[in-house]
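Reproduced below: my_file-v1.cif, with mmCIF, C-alpha atoms.
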data_model
#
loop_
_atom_site.label_atom_id
_atom_site.label_comp_id
_atom_site.auth_asym_id
_atom_site.auth_seq_id
_atom_site.Cartn_x
_atom_site.Cartn_y
_atom_site.Cartn_z
CA MET Z 1 164.95 -77.89 307.88
CA SER Z 2 161.97 -75.69 307.17
CA ARG Z 3 162.58 -72.69 304.96
CA THR Z 4 160.42 -69.62 305.16
CA LEU Z 5 159.05 -67.83 302.12
CA HIS Z 6 161.49 -65.02 302.77
CA ASP Z 7 164.46 -67.41 302.61
CA VAL Z 8 163.29 -68.90 299.37
CA ALA Z 9 162.03 -65.82 297.54
CA SER Z 10 164.77 -63.44 298.66
CA GLY Z 11 166.08 -62.41 295.24
CA THR Z 12 165.18 -59.84 292.64
CA LEU Z 13 161.48 -59.23 292.01
CA PHE Z 14 160.92 -59.01 288.24
CA GLY Z 15 157.58 -57.72 287.03
CA VAL Z 16 156.34 -58.60 283.57
CA ALA Z 17 154.24 -55.85 282.00
CA LEU Z 18 151.39 -56.49 279.57
CA ASN Z 19 151.31 -60.26 280.00
CA TYR Z 20 147.53 -60.67 279.78
CA ARG Z 21 145.95 -60.67 276.33
CA GLY Z 22 143.09 -58.41 277.34
CA LEU Z 23 145.48 -55.80 278.72
CA LEU Z 24 147.79 -55.97 275.72
CA ASP Z 25 144.80 -55.60 273.37
CA GLN Z 26 143.72 -52.44 275.18
CA HIS Z 27 147.09 -50.86 274.44
CA LEU Z 28 147.81 -52.09 270.94
CA ALA Z 29 146.51 -48.90 269.31
CA ALA Z 30 148.85 -46.72 271.37
CA PHE Z 31 151.83 -48.88 270.44
CA GLN Z 32 151.32 -48.14 266.74
CA GLN Z 33 152.12 -44.49 267.45
CA ALA Z 34 155.33 -42.62 268.31
CA PRO Z 35 157.65 -43.32 269.96
CA TYR Z 36 156.96 -47.07 269.96
CA GLN Z 37 155.70 -47.60 266.37
CA LYS Z 38 154.99 -51.26 267.12
CA PRO Z 39 153.99 -53.43 270.06
CA PRO Z 40 156.80 -54.82 272.23
CA THR Z 41 158.29 -57.99 270.73
CA LYS Z 42 160.00 -59.18 273.91
CA PRO Z 43 158.83 -59.39 277.53
CA VAL Z 44 158.75 -55.90 279.02
CA LEU Z 45 160.18 -56.12 282.50
CA PHE Z 46 160.13 -53.84 285.47
CA ILE Z 47 161.66 -54.23 288.91
CA LYS Z 48 160.01 -54.16 292.30
CA THR Z 49 162.87 -52.97 294.50
CA PRO Z 50 163.62 -54.56 297.92
CA ASN Z 51 161.86 -51.71 299.79
CA THR Z 52 158.58 -52.87 298.21
CA ARG Z 53 158.64 -56.29 299.94
CA ASN Z 54 155.64 -56.87 302.15
CA GLY Z 55 153.96 -59.87 303.73
CA HIS Z 56 150.59 -61.56 304.14
CA GLY Z 57 148.21 -59.59 306.35
CA ALA Z 58 150.40 -56.51 306.46
CA VAL Z 59 149.51 -52.89 305.88
CA VAL Z 60 149.92 -51.21 302.50
CA LEU Z 61 150.03 -47.43 302.70
CA HIS Z 62 147.79 -45.40 300.41
CA PRO Z 63 149.89 -42.43 299.27
CA GLN Z 64 148.28 -39.07 299.93
CA GLY Z 65 146.71 -37.48 296.87
CA GLU Z 66 147.31 -40.51 294.66
CA ARG Z 67 145.27 -43.42 293.37
CA LEU Z 68 146.31 -46.91 294.50
CA GLN Z 69 145.63 -50.11 292.57
CA PRO Z 70 146.30 -53.71 293.62
CA GLY Z 71 147.68 -56.08 291.00
CA PRO Z 72 146.89 -59.78 291.41
CA ALA Z 73 149.62 -61.96 289.92
CA LEU Z 74 151.14 -65.41 290.12
CA GLY Z 75 154.72 -65.27 291.36
CA VAL Z 76 157.14 -67.87 290.01
CA VAL Z 77 160.07 -68.48 292.34
CA ILE Z 78 163.30 -69.51 290.63
CA GLY Z 79 165.02 -72.54 292.15
CA GLN Z 80 168.06 -72.95 289.93
CA ARG Z 81 170.41 -70.57 288.18
CA ALA Z 82 169.00 -69.96 284.69
CA SER Z 83 171.09 -68.65 281.79
CA ARG Z 84 170.08 -69.25 278.15
CA VAL Z 85 167.58 -71.86 279.12
CA SER Z 86 165.55 -73.64 276.45
CA LEU Z 87 161.75 -73.83 276.50
CA GLU Z 88 162.03 -77.56 277.20
CA ASN Z 89 164.28 -77.13 280.25
CA ALA Z 90 162.67 -73.99 281.65
CA MET Z 91 160.29 -75.53 284.19
CA ALA Z 92 163.14 -77.42 285.88
CA HIS Z 93 164.40 -74.01 287.05
CA VAL Z 94 161.20 -73.26 288.97
CA ALA Z 95 161.11 -73.91 292.73
CA GLY Z 96 157.45 -73.08 293.14
CA TYR Z 97 154.74 -70.46 293.24
CA VAL Z 98 153.52 -67.69 295.49
CA VAL Z 99 150.60 -65.30 295.39
CA VAL Z 100 151.67 -61.73 294.63
CA ASN Z 101 149.81 -58.48 294.99
CA GLU Z 102 151.79 -56.01 292.94
CA PHE Z 103 150.50 -52.58 294.02
CA SER Z 104 150.96 -49.60 291.75
CA LEU Z 105 149.84 -46.09 291.11
CA PRO Z 106 147.94 -46.02 287.82
CA GLU Z 107 150.12 -45.05 284.88
CA ASP Z 108 149.36 -43.61 281.48
CA SER Z 109 152.15 -45.61 279.85
CA TYR Z 110 152.16 -49.35 280.26
CA TYR Z 111 155.17 -49.98 278.08
CA ARG Z 112 157.79 -49.07 280.64
CA PRO Z 113 156.40 -48.77 284.12
CA ALA Z 114 157.94 -46.06 286.28
CA VAL Z 115 159.87 -46.73 289.47
CA LYS Z 116 157.91 -43.91 291.09
CA ALA Z 117 154.60 -45.70 290.47
CA LYS Z 118 155.76 -49.25 291.20
CA CYS Z 119 158.36 -49.01 293.95
CA ARG Z 120 156.77 -47.33 296.95
CA ASP Z 121 157.61 -48.96 300.28
CA GLY Z 122 155.54 -52.11 300.80
CA PHE Z 123 154.10 -52.19 297.26
CA CYS Z 124 154.96 -55.85 296.58
CA VAL Z 125 153.08 -58.26 298.81
CA LEU Z 126 154.18 -61.91 298.61
CA GLY Z 127 152.70 -64.89 300.44
CA PRO Z 128 151.35 -66.57 302.34
CA ARG Z 129 153.69 -69.44 301.47
CA LEU Z 130 155.73 -71.08 298.73
CA VAL Z 131 153.82 -73.80 296.92
CA PRO Z 132 156.29 -76.30 295.44
CA ARG Z 133 156.21 -76.70 291.65
CA ASP Z 134 154.98 -80.30 291.70
CA GLN Z 135 151.84 -79.31 293.61
CA ILE Z 136 150.49 -77.28 290.68
CA ALA Z 137 149.64 -79.59 287.80
CA ASN Z 138 148.97 -76.87 285.24
CA PRO Z 139 150.04 -73.30 285.98
CA ASN Z 140 148.37 -72.21 282.71
CA GLN Z 141 144.90 -72.87 284.10
CA LEU Z 142 144.81 -71.00 287.40
CA SER Z 143 142.05 -68.60 288.33
CA LEU Z 144 143.04 -65.24 289.84
CA LYS Z 145 140.53 -63.34 291.94
CA LEU Z 146 140.81 -59.97 293.56
CA SER Z 147 138.34 -59.09 296.29
CA VAL Z 148 137.96 -55.80 298.10
CA ASN Z 149 136.14 -55.97 301.45
CA GLY Z 150 134.89 -59.41 300.49
CA GLU Z 151 133.46 -58.33 297.14
CA LEU Z 152 134.89 -59.86 293.94
CA ARG Z 153 136.26 -57.01 291.80
CA GLN Z 154 138.62 -58.61 289.30
CA GLU Z 155 138.79 -62.14 287.91
CA ASN Z 156 140.90 -63.71 285.23
CA SER Z 157 142.85 -66.85 284.39
CA THR Z 158 146.48 -67.57 283.65
CA ALA Z 159 145.09 -69.18 280.49
CA ASN Z 160 145.08 -65.60 279.15
CA TRP Z 161 148.80 -65.04 279.56
CA VAL Z 162 150.60 -63.64 276.52
CA ARG Z 163 153.69 -65.64 277.52
CA ASP Z 164 153.61 -68.68 279.77
CA ILE Z 165 156.29 -69.56 282.31
CA PRO Z 166 158.66 -71.48 279.99
CA GLN Z 167 158.49 -68.65 277.43
CA LEU Z 168 159.24 -66.03 280.09
CA ILE Z 169 162.17 -67.97 281.53
CA ALA Z 170 163.59 -68.74 278.09
CA GLU Z 171 163.29 -65.17 276.79
CA ILE Z 172 164.52 -63.46 279.96
CA SER Z 173 167.42 -65.87 280.58
CA GLU Z 174 168.53 -65.18 277.02
CA PHE Z 175 169.81 -61.75 278.08
CA MET Z 176 170.24 -62.02 281.87
CA THR Z 177 170.91 -64.73 284.43
CA LEU Z 178 168.10 -65.60 286.82
CA HIS Z 179 169.20 -66.75 290.27
CA PRO Z 180 167.62 -68.95 292.93
CA GLY Z 181 165.23 -66.82 294.93
CA ASP Z 182 164.41 -64.45 292.09
CA VAL Z 183 160.67 -64.04 291.54
CA LEU Z 184 158.96 -63.57 288.17
CA ILE Z 185 155.73 -61.68 288.69
CA THR Z 186 153.88 -63.01 285.67
CA GLY Z 187 151.69 -59.99 285.05
CA THR Z 188 148.44 -58.53 286.28
CA PRO Z 189 145.28 -58.68 284.17
CA GLU Z 190 143.29 -55.76 282.78
CA GLY Z 191 140.63 -54.10 284.88
CA ARG Z 192 142.67 -52.81 287.77
CA VAL Z 193 140.53 -51.25 290.49
CA ASP Z 194 141.18 -48.43 292.91
CA VAL Z 195 141.35 -49.14 296.63
CA LEU Z 196 141.00 -46.74 299.54
CA PRO Z 197 142.23 -46.43 303.11
CA GLY Z 198 140.31 -48.86 305.30
CA ASP Z 199 139.89 -51.45 302.55
CA THR Z 200 140.89 -55.07 302.98
CA VAL Z 201 142.20 -56.58 299.76
CA GLU Z 202 142.53 -60.28 299.02
CA VAL Z 203 144.16 -62.02 296.08
CA GLU Z 204 143.25 -65.66 295.63
CA ILE Z 205 144.94 -67.95 293.13
CA SER Z 206 143.50 -71.42 292.83
CA GLY Z 207 145.76 -73.95 294.51
CA VAL Z 208 148.33 -71.35 295.50
CA GLY Z 209 146.61 -69.45 298.29
CA ARG Z 210 144.95 -66.31 299.54
CA LEU Z 211 146.93 -63.18 300.27
CA LEU Z 212 145.51 -60.40 302.43
CA SER Z 213 146.47 -56.74 302.65
CA HIS Z 214 145.09 -53.89 304.70
CA ILE Z 215 145.09 -50.44 303.14
CA GLN Z 216 145.83 -47.52 305.44
CA ALA Z 217 146.18 -43.82 304.86
CA GLU Z 218 149.73 -42.62 304.78
CA THR Z 219 150.39 -40.15 307.58
CA HIS Z 220 153.32 -37.82 307.35
CA ALA Z 221 155.29 -37.22 310.50
CA MET M 1 187.25 -53.45 311.23
CA SER M 2 187.77 -52.85 307.57
CA ARG M 3 184.73 -53.05 305.36
CA THR M 4 184.96 -53.88 301.69
CA LEU M 5 183.13 -51.94 298.99
CA HIS M 6 180.82 -54.90 298.57
CA ASP M 7 179.80 -54.76 302.25
CA VAL M 8 179.07 -51.08 302.11
CA ALA M 9 177.41 -50.80 298.69
CA SER M 10 175.39 -54.00 298.82
CA GLY M 11 171.91 -52.54 298.35
CA THR M 12 169.76 -51.54 295.44
CA LEU M 13 171.47 -49.82 292.51
CA PHE M 14 169.30 -46.89 291.39
CA GLY M 15 170.12 -45.27 288.08
CA VAL M 16 169.04 -41.71 287.41
CA ALA M 17 168.24 -41.09 283.75
CA LEU M 18 168.76 -37.75 282.02
CA ASN M 19 170.65 -36.10 284.86
CA TYR M 20 173.09 -34.14 282.70
CA ARG M 21 171.85 -30.90 281.15
CA GLY M 22 173.39 -31.64 277.76
CA LEU M 23 171.68 -35.01 277.56
CA LEU M 24 168.32 -33.65 278.70
CA ASP M 25 168.57 -30.82 276.13
CA GLN M 26 169.12 -33.38 273.36
CA HIS M 27 165.82 -35.06 274.21
CA LEU M 28 163.62 -32.09 275.06
CA ALA M 29 162.03 -31.97 271.61
CA ALA M 30 160.98 -35.63 271.78
CA PHE M 31 159.38 -35.09 275.18
CA GLN M 32 156.97 -32.49 273.73
CA GLN M 33 155.38 -35.25 271.62
CA ALA M 34 153.14 -38.20 272.44
CA PRO M 35 153.02 -40.04 274.70
CA TYR M 36 155.03 -37.81 277.06
CA GLN M 37 153.68 -34.33 276.09
CA LYS M 38 156.17 -32.70 278.47
CA PRO M 39 159.63 -33.32 279.89
CA PRO M 40 159.83 -35.38 283.09
CA THR M 41 159.24 -33.26 286.18
CA LYS M 42 160.71 -35.71 288.67
CA PRO M 43 163.89 -37.83 288.65
CA VAL M 44 163.43 -40.70 286.21
CA LEU M 45 164.85 -43.79 287.86
CA PHE M 46 165.85 -47.17 286.58
CA ILE M 47 167.25 -50.18 288.40
CA LYS M 48 170.48 -52.06 287.82
CA THR M 49 169.56 -55.52 289.12
CA PRO M 50 171.96 -57.55 291.33
CA ASN M 51 173.09 -59.69 288.36
CA THR M 52 174.65 -56.54 286.87
CA ARG M 53 177.15 -56.10 289.72
CA ASN M 54 180.74 -56.20 288.59
CA GLY M 55 184.09 -55.13 289.99
CA HIS M 56 187.22 -53.17 289.17
CA GLY M 57 189.35 -54.83 286.51
CA ALA M 58 186.72 -57.43 285.63
CA VAL M 59 185.43 -58.48 282.24
CA VAL M 60 182.28 -56.99 280.70
CA LEU M 61 180.77 -59.13 277.99
CA HIS M 62 179.87 -57.55 274.67
CA PRO M 63 176.53 -59.10 273.61
CA GLN M 64 176.62 -60.64 270.17
CA GLY M 65 174.98 -58.53 267.49
CA GLU M 66 174.42 -55.57 269.80
CA ARG M 67 176.12 -52.24 270.47
CA LEU M 68 177.64 -51.73 273.92
CA GLN M 69 178.15 -48.35 275.58
CA PRO M 70 179.91 -47.55 278.86
CA GLY M 71 178.32 -44.94 281.11
CA PRO M 72 180.63 -43.02 283.44
CA ALA M 73 178.84 -41.91 286.59
CA LEU M 74 179.43 -40.91 290.18
CA GLY M 75 177.88 -43.42 292.58
CA VAL M 76 176.55 -42.07 295.87
CA VAL M 77 176.43 -44.72 298.59
CA ILE M 78 173.69 -44.25 301.17
CA GLY M 79 174.83 -44.56 304.78
CA GLN M 80 171.61 -43.96 306.71
CA ARG M 81 167.97 -44.84 306.17
CA ALA M 82 166.39 -41.96 304.26
CA SER M 83 162.65 -41.34 304.16
CA ARG M 84 161.20 -37.89 303.37
CA VAL M 85 164.52 -36.23 303.88
CA SER M 86 164.83 -32.46 303.49
CA LEU M 87 167.38 -30.81 301.21
CA GLU M 88 169.19 -29.53 304.28
CA ASN M 89 169.55 -32.98 305.88
CA ALA M 90 170.18 -34.97 302.71
CA MET M 91 173.98 -35.08 302.74
CA ALA M 92 174.02 -36.57 306.25
CA HIS M 93 172.54 -39.72 304.68
CA VAL M 94 175.53 -40.22 302.36
CA ALA M 95 178.28 -42.66 303.39
CA GLY M 96 180.53 -41.87 300.47
CA TYR M 97 181.26 -42.14 296.78
CA VAL M 98 182.33 -44.74 294.28
CA VAL M 99 183.14 -44.69 290.58
CA VAL M 100 180.47 -46.41 288.49
CA ASN M 101 180.54 -47.59 284.90
CA GLU M 102 176.92 -48.15 284.00
CA PHE M 103 177.02 -50.18 280.79
CA SER M 104 174.01 -50.22 278.51
CA LEU M 105 172.86 -51.09 275.04
CA PRO M 106 171.91 -47.88 273.24
CA GLU M 107 168.20 -47.11 273.46
CA ASP M 108 165.89 -44.98 271.39
CA SER M 109 163.88 -43.92 274.43
CA TYR M 110 165.70 -42.29 277.32
CA TYR M 111 162.62 -41.56 279.38
CA ARG M 112 162.20 -45.06 280.77
CA PRO M 113 165.23 -47.23 280.18
CA ALA M 114 164.51 -50.89 279.49
CA VAL M 115 165.64 -53.73 281.72
CA LYS M 116 166.76 -55.58 278.61
CA ALA M 117 169.21 -52.81 277.72
CA LYS M 118 170.42 -52.00 281.23
CA CYS M 119 170.43 -55.26 283.17
CA ARG M 120 172.69 -57.72 281.36
CA ASP M 121 174.98 -59.71 283.64
CA GLY M 122 177.97 -57.60 284.74
CA PHE M 123 176.63 -54.32 283.32
CA CYS M 124 177.17 -52.29 286.50
CA VAL M 125 180.82 -51.91 287.45
CA LEU M 126 181.51 -50.32 290.84
CA GLY M 127 184.85 -49.56 292.41
CA PRO M 128 187.64 -49.56 293.11
CA ARG M 129 186.80 -48.37 296.65
CA LEU M 130 184.40 -46.34 298.73
CA VAL M 131 185.61 -42.80 299.28
CA PRO M 132 184.11 -41.42 302.50
CA ARG M 133 181.89 -38.37 302.15
CA ASP M 134 184.19 -36.03 304.05
CA GLN M 135 187.04 -36.65 301.60
CA ILE M 136 185.18 -34.93 298.76
CA ALA M 137 184.81 -31.24 299.48
CA ASN M 138 182.45 -30.44 296.61
CA PRO M 139 180.75 -33.29 294.73
CA ASN M 140 179.25 -30.72 292.32
CA GLN M 141 182.65 -29.97 290.82
CA LEU M 142 184.07 -33.35 289.88
CA SER M 143 185.44 -34.13 286.44
CA LEU M 144 184.36 -37.41 284.79
CA LYS M 145 186.54 -38.90 282.11
CA LEU M 146 185.99 -41.98 280.01
CA SER M 147 188.97 -43.43 278.18
CA VAL M 148 189.02 -46.34 275.74
CA ASN M 149 192.39 -47.98 275.24
CA GLY M 150 194.02 -44.97 276.87
CA GLU M 151 192.32 -42.42 274.61
CA LEU M 152 189.99 -39.84 276.17
CA ARG M 153 186.55 -40.28 274.59
CA GLN M 154 184.07 -38.57 276.91
CA GLU M 155 184.54 -35.79 279.44
CA ASN M 156 182.12 -33.86 281.56
CA SER M 157 181.64 -32.43 285.03
CA THR M 158 179.15 -33.03 287.80
CA ALA M 159 178.66 -29.25 287.62
CA ASN M 160 176.32 -30.11 284.71
CA TRP M 161 173.96 -32.25 286.75
CA VAL M 162 170.26 -31.46 286.40
CA ARG M 163 169.77 -32.45 290.04
CA ASP M 164 172.54 -32.52 292.61
CA ILE M 165 172.84 -35.09 295.39
CA PRO M 166 170.63 -33.35 297.99
CA GLN M 167 167.90 -32.84 295.36
CA LEU M 168 168.04 -36.49 294.30
CA ILE M 169 167.91 -37.79 297.87
CA ALA M 170 165.08 -35.42 298.83
CA GLU M 171 162.96 -36.15 295.74
CA ILE M 172 163.50 -39.92 295.76
CA SER M 173 163.07 -40.35 299.52
CA GLU M 174 159.77 -38.50 299.18
CA PHE M 175 158.20 -41.60 297.60
CA MET M 176 160.48 -44.47 298.67
CA THR M 177 162.82 -45.27 301.51
CA LEU M 178 166.52 -45.44 300.73
CA HIS M 179 168.53 -47.88 302.84
CA PRO M 180 172.18 -48.08 303.91
CA GLY M 181 174.11 -49.67 301.06
CA ASP M 182 171.81 -48.42 298.31
CA VAL M 183 173.69 -46.65 295.53
CA LEU M 184 172.41 -43.68 293.54
CA ILE M 185 174.03 -43.68 290.13
CA THR M 186 173.82 -39.97 289.47
CA GLY M 187 173.56 -40.16 285.69
CA THR M 188 175.83 -40.46 282.70
CA PRO M 189 176.56 -37.50 280.44
CA GLU M 190 175.69 -37.13 276.77
CA GLY M 191 178.05 -38.44 274.11
CA ARG M 192 178.09 -42.14 274.94
CA VAL M 193 180.56 -44.07 272.81
CA ASP M 194 180.51 -47.62 271.50
CA VAL M 195 183.11 -50.09 272.73
CA LEU M 196 184.22 -53.36 271.16
CA PRO M 197 185.62 -56.69 272.29
CA GLY M 198 189.27 -56.27 273.21
CA ASP M 199 188.83 -52.71 274.44
CA THR M 200 189.98 -51.57 277.87
CA VAL M 201 187.69 -48.94 279.34
CA GLU M 202 188.55 -46.60 282.19
CA VAL M 203 186.33 -44.21 284.08
CA GLU M 204 188.14 -41.61 286.16
CA ILE M 205 186.41 -39.27 288.57
CA SER M 206 188.58 -36.65 290.21
CA GLY M 207 189.30 -37.54 293.81
CA VAL M 208 187.19 -40.70 293.68
CA GLY M 209 189.29 -43.04 291.59
CA ARG M 210 189.87 -44.91 288.36
CA LEU M 211 187.75 -47.90 287.41
CA LEU M 212 188.90 -50.36 284.75
CA SER M 213 186.88 -52.80 282.65
CA HIS M 214 187.92 -55.24 279.96
CA ILE M 215 185.47 -55.85 277.13
CA GLN M 216 185.27 -59.38 275.78
CA ALA M 217 183.11 -61.01 273.15
CA GLU M 218 180.28 -63.07 274.51
CA THR M 219 180.62 -66.71 273.56
CA HIS M 220 177.59 -68.94 273.68
CA ALA M 221 178.04 -72.43 275.03
#

Exercise: express the given structure as structure tokens:
Amino acid sequence: MSRTLHDVASGTLFGVALNYRGLLDQHLAAFQQAPYQKPPTKPVLFIKTPNTRNGHGAVVLHPQGERLQPGPALGVVIGQRASRVSLENAMAHVAGYVVVNEFSLPEDSYYRPAVKAKCRDGFCVLGPRLVPRDQIANPNQLSLKLSVNGELRQENSTANWVRDIPQLIAEISEFMTLHPGDVLITGTPEGRVDVLPGDTVEVEISGVGRLLSHIQAETHA
Amino acid sequence: MSRTLHDVASGTLFGVALNYRGLLDQHLAAFQQAPYQKPPTKPVLFIKTPNTRNGHGAVVLHPQGERLQPGPALGVVIGQRASRVSLENAMAHVAGYVVVNEFSLPEDSYYRPAVKAKCRDGFCVLGPRLVPRDQIANPNQLSLKLSVNGELRQENSTANWVRDIPQLIAEISEFMTLHPGDVLITGTPEGRVDVLPGDTVEVEISGVGRLLSHIQAETHA
């Protein structure tokens, strides 16, 4: 029986903030000040609510009077219930991978992303398909590319993650249970760009796929 | 056909931070400083993920080495898709009400609550039943009481909300679509108390019901 991406990745969408070294470095100075006093010691999570779900080739609405930024990220789809999982056993809980474009309004604080910036309708694009875990030999060596209208605008590698997949699963499952179908959005790199109505945006992750989105102006009824 | 609470309130659980005047007043000074510079101008939302769902009379686990605080709140269950809803039409989108106990670890920042503090397994208790909208004449005049082992420990009134239900629905639906089954947790008042393993906690909201939880120590396998 063939399962669609929606069947498999139907759970909670967990975003991981600040999971690229370059991005974390940019914000280290701010974290020394009030109210944080120090950089985060644990993964900083945010949620993409179900209304943000969107598919390959679909439209993403550009909110009037706001700036809109795509966020290329590798999505890790959980395949097995994970509670207090060790680093050694973590990968066994992964079903596979999916390309994610985690759209957001730009924010001045990266420590705790706001629902208002992250959770607009259609702001989490997933697809085009689930790539089973065993098809990706080393998820720590994947290139991420973001193109706008065919022009490369952002490029990075999962080699620059602050925490890799086993670390994320171990640290998150320490305080909450992950369920089959949940998706860990493993972070977007520094250098987010603005996109505009009419733009076509593509995220490509080596071995995982290419994910297209079309940006349109929001029109109020 | 009878519908259970779970059928009706099966959507996203949206928490509203700082929605009681006393609580907001306590934090106003901190908001004048970096990095906020000013108090929030819009509802500050957080998400209680699906793993937090818990029912009337069930056990809530007290995480080892942490402090645990119940959070009495009125839950508003959405009955109709709500996008860019006006103040005047907002209440028509409400199916009814439910008592919520929104458990949390205490946090030093109230502006953007952390997933780690808010989203432990079983940390959002809802019940015991959905009370239809027309059975509550004035949701702005409900008393909330929190008792621990039969002793009243926290008491407030929805008259002290910063934003009432129409304001919340209008302001939230301005930037995201609310769906039938989504629950707005309309905030917990100031004066949160600590609870300990062995405690029985009850939230009572006038006309809506009484919601029981039993606190147990977490035991690691």

Counting only C-alpha atoms, which residues of chain M sit at most 7 Å from some atom of chain Z, and what is each one's closest atom pair with its distance in Å to one decimal, listed by chain and rising residue number, as a tab-separated table?
residue	atom	partner	partner_atom	distance
M:Ala34	CA	Z:Ala34	CA	6.4
M:Leu45	CA	Z:Val115	CA	6.0
M:Phe46	CA	Z:Val115	CA	6.7
M:Ile47	CA	Z:Ile47	CA	6.9
M:Asn51	CA	Z:Thr177	CA	6.8
M:Arg112	CA	Z:Arg112	CA	6.0
M:Val115	CA	Z:Leu45	CA	6.0
M:Lys116	CA	Z:Phe175	CA	6.9
M:Cys119	CA	Z:Met176	CA	6.9
M:Arg120	CA	Z:Met176	CA	5.0
M:Asp121	CA	Z:Met176	CA	5.6
M:Phe175	CA	Z:Arg120	CA	5.9
M:Met176	CA	Z:Arg120	CA	5.0
M:Thr177	CA	Z:Asp121	CA	6.5

Need the shell around Leu5 in chain M: protein/DNA/RNA residues with any atom at most 10 Å away, counting all atoms listed in the file. Skip same-chain ones fewer than 3 positions apart. Format as a PyMOL selection string? chain M and resi 2+8-10+55+77+98+126-131+181

Please provide the set of residues having any atom within 10 Å of Arg163 in chain M, restricted to only C-alpha atoms, with same-chain residues fewer than 6 positions apart removed, written as an NGL selection string. :M and (16 or 18-21 or 42-43 or 140 or 169 or 171 or 186-187)

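Among Z:Ser213, Z:Thr188, Z:Ser104, Z:Ser206, the residue with the shortest atom-to-atom distance to Ser147 in chain Z, counting all atoms listed in the file, is Z:Ser213.
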
Which distance in Å separates CA of Ser157 in chain Z and CA of Lys145 in chain Z, to one decimal? 8.6 Å

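Near Val203 in chain M, within 7 Å and counting all atoms listed in the file, sit M:Pro72, M:Asn101, M:Lys145, M:Leu146, M:Ser147, M:Arg210, M:Leu211, M:Leu212, not including residues fewer than 6 positions from it in the same chain.
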
What's the 7 Å shell around Pro180 in chain Z, counting only C-alpha atoms, without same-chain residues fewer than 4 positions away, as a list in words? Ile78, Gly79, Gln80 and Arg81 of chain Z

Contact residues around Asn138 in chain M with only C-alpha atoms at 12 Å, ignoring same-chain residues under 6 positions, as an MDAnalysis selection string: chainID M and resid 91 97 157:159 164:165 206:208

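Of note, CA of Gln216 in chain Z and CA of Asn156 in chain Z are spaced 26.4 Å apart.
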
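Straight-line separation from CA of Gly191 in chain Z to CA of Val60 in chain Z: 20.1 Å.
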
Hey, which of M:Gln64, M:Gln32, M:Thr41, M:Gln26 ends up closest to Thr219 in chain M? Count all atoms listed in the file. M:Gln64

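With all atoms listed in the file as the basis for measurement, M:Val76 is the residue among M:Ile185, M:Trp161, M:Val76, M:Gln69 that approaches Arg133 in chain M most closely.
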